[in-house]
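Student: Next up is a structure, given as C-alpha cells.
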Amino acid sequence: MIQPHPSSTLQLLAQRRFGPLFATQFLNAFNDNVFKNALLLLLAFQAGSVAGMSPAIAVQFAAGIFVLPFFLFSAMAGQLADRFEKSRLIRWVKLLEVFIALLGLAGFVFVQLEFLLFALFLMGLQSTLFGPLKYSILPQQLYPQELVAGNAWVESGTFVAILLGAIAAGLLMGSGPQGAIWCAALSVAVSTLGYLTSFGIPLAPAPAPDLKIRLNPFTETWRNVKLLHGNRPVFHATLTISWFWFYGAVFLTQFAPYVKEVLGGTENLVTVLLAAFIVGIAIGAFLCEKLSGKHVELGLVPLGAIGLSLFGIDLWLASPTAAPEAMSVAGFLAAPAHWRILVDLILIGASGGLFTVPLYAMVQQRSAEAERSRVIAANNILNAAFMVASALFGMVVLAAGVSISGLFLATALINCAVVVYICRLMPEAFVRFTVWLLLHFVYRIRVVGRENLPEEGAALLVCNHVSFMDAPIITTRSRRPVRFVIDHLIYRTPLFYRVFRAMGSIPVADPRINLDATREAYDEVSRALAAGTLVAIFPEGFITEDGEIGPFKSGVARILRRTPVPVVPMALRGLWGSFFSRKDGPAMRKPFRRGFWNRVELVIGKPIPADEATPARLREEVARLRGDWR
C-alpha cells in the first residue's frame, strides 16, 4: 500500500485510522497504572493489617499476579487477534476493562484483598489480550512511510501514560482515607472513556479467518515461540527488544530506592527522575522517526545500544558515594552536579527510544500478515520472561552487597556485551549503522520517486554504477532488505566478506573463469526473486571510469527469462568525482577532494514489465533518470 502524500508525524494523530487507536491505547496504559499503583500502595502501607503479610511480600506477590497472564494467555491472545476482525475485538477487550474496573471499585470500597488481587489478575489478562491487537493493527491502518512515526507515538504515549498513571495514583492515595476509592472511580471513568474511543477505530479485517483456536496455553505458547523462531531476523529483533525490557526494568524498579538511599531525596524527586527518563524515551522515539527518513532504519539500533551503555556508566560515575542528606527537589536541582544525573537519565531514555522503535517496526513489517499477532504475542512472552529475569538479577546483585548505582553499572556493562552480540545476531543492523554514519557524514542524500519501490513482492533493481558507495546508498534508502549481485572477487575481499555475507549478497563470476559459480549465482537470484525478495544488479558490470553509463550486459535478460518480475530502474546522480569514484584514477586515493556533505540524488523510476525490460530499454531509462548530472 502506497500513499503519495503520507501524513506528517503530528497530522497522524488527527487521522481516523490512527487517532482513536492512539487514544484507546494511551487510556489503557494510563488505567493499568492507576489501578496497579493504587493497589501496590494499599498493600505497601496496609497489607499487614489487611492480609497479615509483610508489605514487601505483598507487593512482590501482586506484581507476580499482574505478570502471570502474559505467560498463560499471550498465545491465545495472538490467535484471537489473527482470527477475528481487530477493531471489534478491541471493543470487547475494552468492555472487559470496564467490568474489571467496576470489580476493582467494589474491592476498594469493601477493602477485599481477594477481590483486588483477582481484579489485578484480570487487568493483566486484559493487557495481554490488548497487546497483540495494538501492535499488529498498525501495519493494517498505516502506510509504510508512517509505520515508524506510528510506533514512535505508541511507545512514547505508553510511557507517558505510565508516568501520569503512577502520579495520579500517588496523589489520590495520599489525599486521605478515601484515596483508594477515588483511584477506583478514576479507573472506571478512564476505562469507560477508552471503550468509547475504541468505536472510532476503523475496521481491520482478520488476516487468518480460518485459523483454529487452540486453548492449551502451554502447547500454544511453545508453538508461538517456534513460529517466531522460524523467522530468524524477527526472532533476533524480539530478543533484542526483550533485552531492553530487562535493562529498563532494572532502572524503573530501582528509581525509588536510588533516590532514597543514594540521593537522599523524597517521593517527589522519584517522580522528577522518572519523568526525565520517560521524556527521554519520547525524545528518542521521535528522533528515530526524524533520523530514519520515514522508513525502518535498523542502523539506529546499535546507536541506541551504545547510548544505553555509555550513559548508564556515566550515571554510575555521577552518583554520589557519600551518605546522602535529606534533599528536596529544589535542593537537588540547585546543585549543578545533579544536573548530570538528570541529563544521563534523559539520554538513557532517548537511547532506549532509538533502540526499540525500529525493532518494533521491523517486527511488524517483516512478519507474515496472517501470523503477525501471534508473533507479537510471542514477543510479549519473551518480554515478560526477561522482566522476571531482571527482577531476579537485581535481587542477586543487591543481595551480594552491591550498591544500587553499582547495579546500574553492572547492567550497563552487560549491555556492552549485548551490543557486540547484537552485531553478531543482527549483522544487518550493524552494517546499516556503519553505513548510516558514513553517509550522514559524507553526503546529503535526496531520494526522488521512492514510491516506485514496491512495498511487497519481488522486483529486480537496476542502477548505474558510479562508485563504491552505490550499493550502501541504495540499501539504506530502501524500506526493504535488498540483495545485491556483486563480483565474486569483491565478495571475497577479506575485509568485507562477512559484511557481504551478512547482507545476503550474491557473488557472480565470469563464466569464462568459473562456469559452475556463475550458474549457482543465477540459481540463487532465481530463488531470491521467487521468494519475493528485492534483488539489485549493476548491469554495466563495473564502476564507470569516465562518468558515463556503459552498455548493459545480458545478465538482466538471463535473470528475467528464468524469473519474470518487474524491473525498477534507478539512477545515482552527484557521485562522480567523489572519493569513492574512479575519476582521475583509482578510487579512494584522494580523501576529501569534494569536502563533506555533498549533495547526491537517487532517482527511482516506475517499474517496467519483464517482457519490456531489454538491456537497451533499461539503459535508456536509467540514462533518462540520471540526466546530465553525473
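Here's how to read the names in the C-alpha cells: chain A, B, ... by the order shown, residue numbers from 1 in each chain, ligand numbers from 1 in the order shown.
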Show me, as a list of chain:residue names, the residues that have an atom within 8 Å of Arg446 in chain A when counting only C-alpha atoms, minus same-chain residues fewer than 5 positions from it.
Tutor: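 What passes the distance filter is A:Arg599, A:Val600, A:Glu601, A:Leu602.
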Student: With a distance cut-off of 9 Å and only C-alpha atoms, select the neighbouring residues of Ile162 in chain A, excluding the residue or stretch itself and same-chain residues fewer than 6 positions from it, and output the selection as a PyMOL selection string.
Tutor: chain A and resi 26+29-34+278
Student: Set the distance at 9 Å and use only C-alpha atoms: which residues neighbour Asn28 in chain A once local chain neighbours fewer than 6 positions away are removed? I'd like the list as a short mmCIF file (atom, residue, chain, number, x, y, z; two decimals) with N, CA and C atoms, in the first residue's frame.
Tutor:
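Everything below was put into out-v2.cif:
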```cif
data_model
loop_
_atom_site.label_atom_id
_atom_site.label_comp_id
_atom_site.auth_asym_id
_atom_site.auth_seq_id
_atom_site.Cartn_x
_atom_site.Cartn_y
_atom_site.Cartn_z
N LYS A 94 -11.93 -3.79 25.55
CA LYS A 94 -12.12 -2.57 26.34
C LYS A 94 -13.37 -2.69 27.23
N GLU A 97 -12.36 -4.37 30.23
CA GLU A 97 -11.65 -3.46 31.12
C GLU A 97 -12.62 -2.69 32.01
N SER A 127 -4.57 -6.61 29.52
CA SER A 127 -3.38 -6.08 28.84
C SER A 127 -2.76 -7.12 27.92
N PHE A 130 -4.83 -7.14 24.81
CA PHE A 130 -4.77 -5.90 24.03
C PHE A 130 -3.43 -5.72 23.31
N THR A 158 2.74 5.35 25.53
CA THR A 158 2.63 4.33 26.57
C THR A 158 3.42 4.73 27.81
N ALA A 161 1.87 7.67 29.60
CA ALA A 161 0.68 7.21 30.32
C ALA A 161 1.07 6.48 31.60
N VAL A 190 -11.92 6.23 33.30
CA VAL A 190 -10.94 6.14 32.20
C VAL A 190 -11.22 4.93 31.33
N SER A 191 -11.56 3.80 31.94
CA SER A 191 -11.85 2.60 31.14
C SER A 191 -13.09 2.80 30.29
N GLY A 194 -12.07 4.97 27.40
CA GLY A 194 -11.32 4.17 26.45
C GLY A 194 -12.23 3.28 25.61
#
```
Student: Using only C-alpha atoms, which protein or nucleic acid residues come within 10 Å of range 291-301 of chain A? Drop anything in the same chain fewer than 5 positions from it, and give the result as number ranges by chain.
Tutor: A: 6, 8-9, 144-149, 237, 240, 286, 306-307, 351-362, 365, 419, 422-423, 426-437, 440, 476-480
Student: Taking the DSSP secondary structure from the backbone, can you list the residues of range 316-512 of chain A that are alpha helix (DSSP H), as a PyMOL selection string?
Tutor: chain A and resi 316-318+329-334+336-366+372-399+404-425+427-442+470-476+488-491+497-502
Student: Separation of CA of Asn383 in chain A and CA of Asn216 in chain A, in Å?
Tutor: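 Computed distance, CA of Asn383 in chain A to CA of Asn216 in chain A, equals 20.6 Å.
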Student: Here is a test: counting only C-alpha atoms, which residue of A:Val375, A:Cys416, A:Ile167, A:Leu72 is nearest to Asn231 in chain A?
Tutor: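 Of A:Val375, A:Cys416, A:Ile167, A:Leu72, the one nearest Asn231 in chain A, counting only C-alpha atoms, is A:Val375.
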Student: Nearest to Asn464 in chain A: which of A:Trp597, A:Phe538, A:Phe73, A:Tyr491 is it, counting only C-alpha atoms?
Tutor: A:Phe538
Student: Neighbours of Ala189 in chain A within 12 Å (only C-alpha atoms; same-chain residues fewer than 6 positions away dropped), as a list in words?
Tutor: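 Counting only C-alpha atoms, the residues come to Leu27, Asn28, Phe30, Asn31, Val34, Phe35, Glu97, Val98, Phe99, Ile100, Ala101, Leu102, Leu105, Trp182, Cys183, Tyr195 and Leu196 of chain A.
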Student: Please report the interatomic distance between CA of Ala23 in chain A and CA of Thr197 in chain A in Å with one decimal.
Tutor: 6.8 Å
Student: With a distance cut-off of 12 Å and only C-alpha atoms, select the neighbouring residues of Gly349 in chain A, excluding the residue or stretch itself and same-chain residues fewer than 3 positions from it, and output the selection as a PyMOL selection string.
Tutor: chain A and resi 155-156+159-160+244+247-248+251-252+273-287+304-305+307-309+311-312+342-346+352-356
Student: To one decimal place in Å, what is the distance between CA of Ala38 in chain A and CA of Gly170 in chain A?
Tutor: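 We find that CA of Ala38 in chain A and CA of Gly170 in chain A lie 7.2 Å from each other.
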Student: Given the choices A:Leu89, A:Leu409, A:Ala458, A:Val568, which gets closest to Leu317 in chain A if the distance is worked out from only C-alpha atoms?
Tutor: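 Nearest candidate to Leu317 in chain A out of A:Leu89, A:Leu409, A:Ala458, A:Val568: A:Leu409.
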Student: For Thr518 in chain A, please output as a PDB file with C-alpha atoms, in the first residue's frame all residues within 12 Å (counting only C-alpha atoms; exclusion window: fewer than 3 positions along the same chain).
Tutor:
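Saved the output as around_38.pdb:
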```pdb
ATOM      1  CA  VAL A 485      24.591  -9.287  -7.188  1.00  0.00           C
ATOM      2  CA  ILE A 486      28.304  -8.447  -6.931  1.00  0.00           C
ATOM      3  CA  ASP A 487      31.593  -9.583  -8.423  1.00  0.00           C
ATOM      4  CA  HIS A 488      32.902 -12.695  -6.654  1.00  0.00           C
ATOM      5  CA  ILE A 506      25.098 -12.912  -4.268  1.00  0.00           C
ATOM      6  CA  PRO A 507      28.602 -13.399  -5.757  1.00  0.00           C
ATOM      7  CA  VAL A 508      28.783 -13.904  -9.504  1.00  0.00           C
ATOM      8  CA  ALA A 509      31.828 -14.929 -11.536  1.00  0.00           C
ATOM      9  CA  ASP A 510      32.724 -14.547 -15.196  1.00  0.00           C
ATOM     10  CA  PRO A 511      31.543 -17.787 -16.856  1.00  0.00           C
ATOM     11  CA  ARG A 512      34.890 -17.983 -18.656  1.00  0.00           C
ATOM     12  CA  ILE A 513      36.572 -18.257 -15.250  1.00  0.00           C
ATOM     13  CA  ASN A 514      34.110 -20.367 -13.252  1.00  0.00           C
ATOM     14  CA  LEU A 515      31.004 -21.580 -15.073  1.00  0.00           C
ATOM     15  CA  ALA A 521      24.697 -17.281  -8.772  1.00  0.00           C
ATOM     16  CA  TYR A 522      21.811 -17.214 -11.245  1.00  0.00           C
ATOM     17  CA  ASP A 523      20.128 -20.066  -9.372  1.00  0.00           C
ATOM     18  CA  GLU A 524      20.352 -18.078  -6.149  1.00  0.00           C
ATOM     19  CA  VAL A 525      18.977 -14.937  -7.836  1.00  0.00           C
ATOM     20  CA  GLY A 555      22.757 -10.759 -17.244  1.00  0.00           C
ATOM     21  CA  ARG A 558      19.069 -14.037 -18.370  1.00  0.00           C
ATOM     22  CA  ILE A 559      17.589 -13.358 -14.924  1.00  0.00           C
TER      23      ILE A 559
END
```
Student: Between A:Leu398, A:Val111, A:Ile348, A:Ala502, which has the minimum distance to Leu39 in chain A (counting only C-alpha atoms)?
Tutor: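 Residue with the minimum atom-to-atom distance to Leu39 in chain A: A:Val111.
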Student: Considering only C-alpha atoms, state which residue in the set A:Tyr143, A:Trp243, A:Phe496, A:Phe70 is at the smallest distance from Tyr421 in chain A.
Tutor: A:Trp243
Student: Considering only C-alpha atoms, can you say which of A:Thr266, A:Phe441, A:Pro139, A:Lys260 comes closest to Glu455 in chain A?
Tutor: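 Using only C-alpha atoms, the shortest distance to Glu455 in chain A belongs to A:Pro139.
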